[in-house]
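A.B. asks: Let me begin by handing over the structure; questions about it come next.
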Amino acid sequence: MAGSTPLPLLYLDVDGPLIPFGAGPYPPGDDANPLLARIDATLGPRLTALPCELVWATTCTVNLALS
């Protein structure tokens with residue numbers, strides 16, 4: 001759209017806010033990525049409803065998809 005204002009970016013750190021650590025207990029995850037079981041599935045619709053463009057951010061320097 002010509003002349004439209006781009007949405008602001010929201011850099012979301014997935015390592016802390018979305019994949020919590022600490023208190024637990026957490027359900028068991030799968031072998032590929034056991035941390036995925038810690039993500040609250042209800043966050044998806046809430047995040048996509050925000051008036052911004054989500055950018056997934058992490059401080060992890062290992063490409064888990066390749067390991």
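A note on labels: chains of the structure tokens are A, B, ... as shown, every chain counts residues from 1, and ligands are counted from 1 in their shown order.
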When you look at Leu47 in chain A with a cut-off of 12 Å (counting only C-alpha atoms), what residues show up, excluding the ones that are within fewer than 5 positions of it in the same chain? I need them as a CSV table (one decimal) with N, CA, C and O atoms, in the first residue's frame.
C.D. replies:
```csv
chain,number,residue,atom,x,y,z
A,10,LEU,N,8.6,-5.5,17.0
A,10,LEU,CA,8.7,-6.0,18.3
A,10,LEU,C,9.6,-7.2,18.3
A,10,LEU,O,9.3,-8.2,17.8
A,11,TYR,N,10.8,-6.9,18.9
A,11,TYR,CA,11.8,-8.0,19.0
A,11,TYR,C,11.5,-8.8,20.3
A,11,TYR,O,11.6,-8.3,21.4
A,12,LEU,N,11.1,-10.0,20.1
A,12,LEU,CA,10.7,-10.9,21.2
A,12,LEU,C,11.7,-11.9,21.5
A,12,LEU,O,12.0,-12.8,20.7
A,17,PRO,N,10.9,-15.1,27.9
A,17,PRO,CA,9.5,-14.9,28.0
A,17,PRO,C,8.6,-16.0,27.5
A,17,PRO,O,7.6,-16.3,28.0
A,18,LEU,N,9.0,-16.6,26.4
A,18,LEU,CA,8.2,-17.7,25.8
A,18,LEU,C,8.6,-19.1,26.3
A,18,LEU,O,7.8,-20.0,26.3
A,40,ASP,N,3.5,-21.8,26.1
A,40,ASP,CA,2.0,-21.7,26.3
A,40,ASP,C,1.4,-21.4,24.9
A,40,ASP,O,1.6,-20.4,24.4
A,41,ALA,N,0.6,-22.4,24.5
A,41,ALA,CA,0.0,-22.3,23.1
A,41,ALA,C,-1.0,-21.1,23.0
A,41,ALA,O,-1.2,-20.7,21.9
A,42,THR,N,-1.5,-20.6,24.1
A,42,THR,CA,-2.4,-19.5,24.1
A,42,THR,C,-1.7,-18.2,23.8
A,42,THR,O,-2.4,-17.2,23.5
A,52,CYS,N,1.8,-4.8,15.7
A,52,CYS,CA,3.2,-4.7,15.3
A,52,CYS,C,3.7,-5.9,14.5
A,52,CYS,O,2.9,-6.9,14.4
A,53,GLU,N,4.9,-5.9,14.0
A,53,GLU,CA,5.5,-7.0,13.3
A,53,GLU,C,6.4,-7.7,14.3
A,53,GLU,O,7.3,-7.1,14.8
A,54,LEU,N,6.2,-9.0,14.6
A,54,LEU,CA,7.0,-9.7,15.5
A,54,LEU,C,8.3,-10.2,14.8
A,54,LEU,O,8.3,-10.6,13.7
A,55,VAL,N,9.4,-10.0,15.6
A,55,VAL,CA,10.7,-10.5,15.1
A,55,VAL,C,11.2,-11.4,16.2
A,55,VAL,O,11.4,-11.0,17.4
A,56,TRP,N,11.4,-12.7,15.9
A,56,TRP,CA,11.9,-13.6,16.9
A,56,TRP,C,13.3,-13.4,17.2
A,56,TRP,O,14.1,-13.4,16.3
```
A.B. asks: Mind giving me the straight-line distance from CA of Val62 in chain A to CA of Leu35 in chain A in Å, one decimal?
C.D. replies: 14.8 Å
A.B. asks: Could you tell me which of A:Val14, A:Ile39, A:Arg46, A:Thr5 comes closest to Tyr26 in chain A if we count only C-alpha atoms?
C.D. replies: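 Smallest separation from Tyr26 in chain A among the options: A:Ile39.
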A.B. asks: Taking 3 positions as the minimum chain separation for residues in the same chain, which residues sit within 12 Å of Gly24 in chain A when counting only C-alpha atoms? Answer as a list in words.
C.D. replies: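 Contacts, in chain order: Ile19, Pro20, Phe21, Pro27, Pro28, Leu35, Ala37 and Arg38 of chain A.
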A.B. asks: With DSSP run on the backbone, what are the alpha helix (DSSP H) residues within chain A? I'd like them as a list in words.
C.D. replies: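 Selection result, alpha helix (DSSP H) within chain A: Leu43, Gly44, Pro45, Arg46, Leu47 and Thr48 of chain A.
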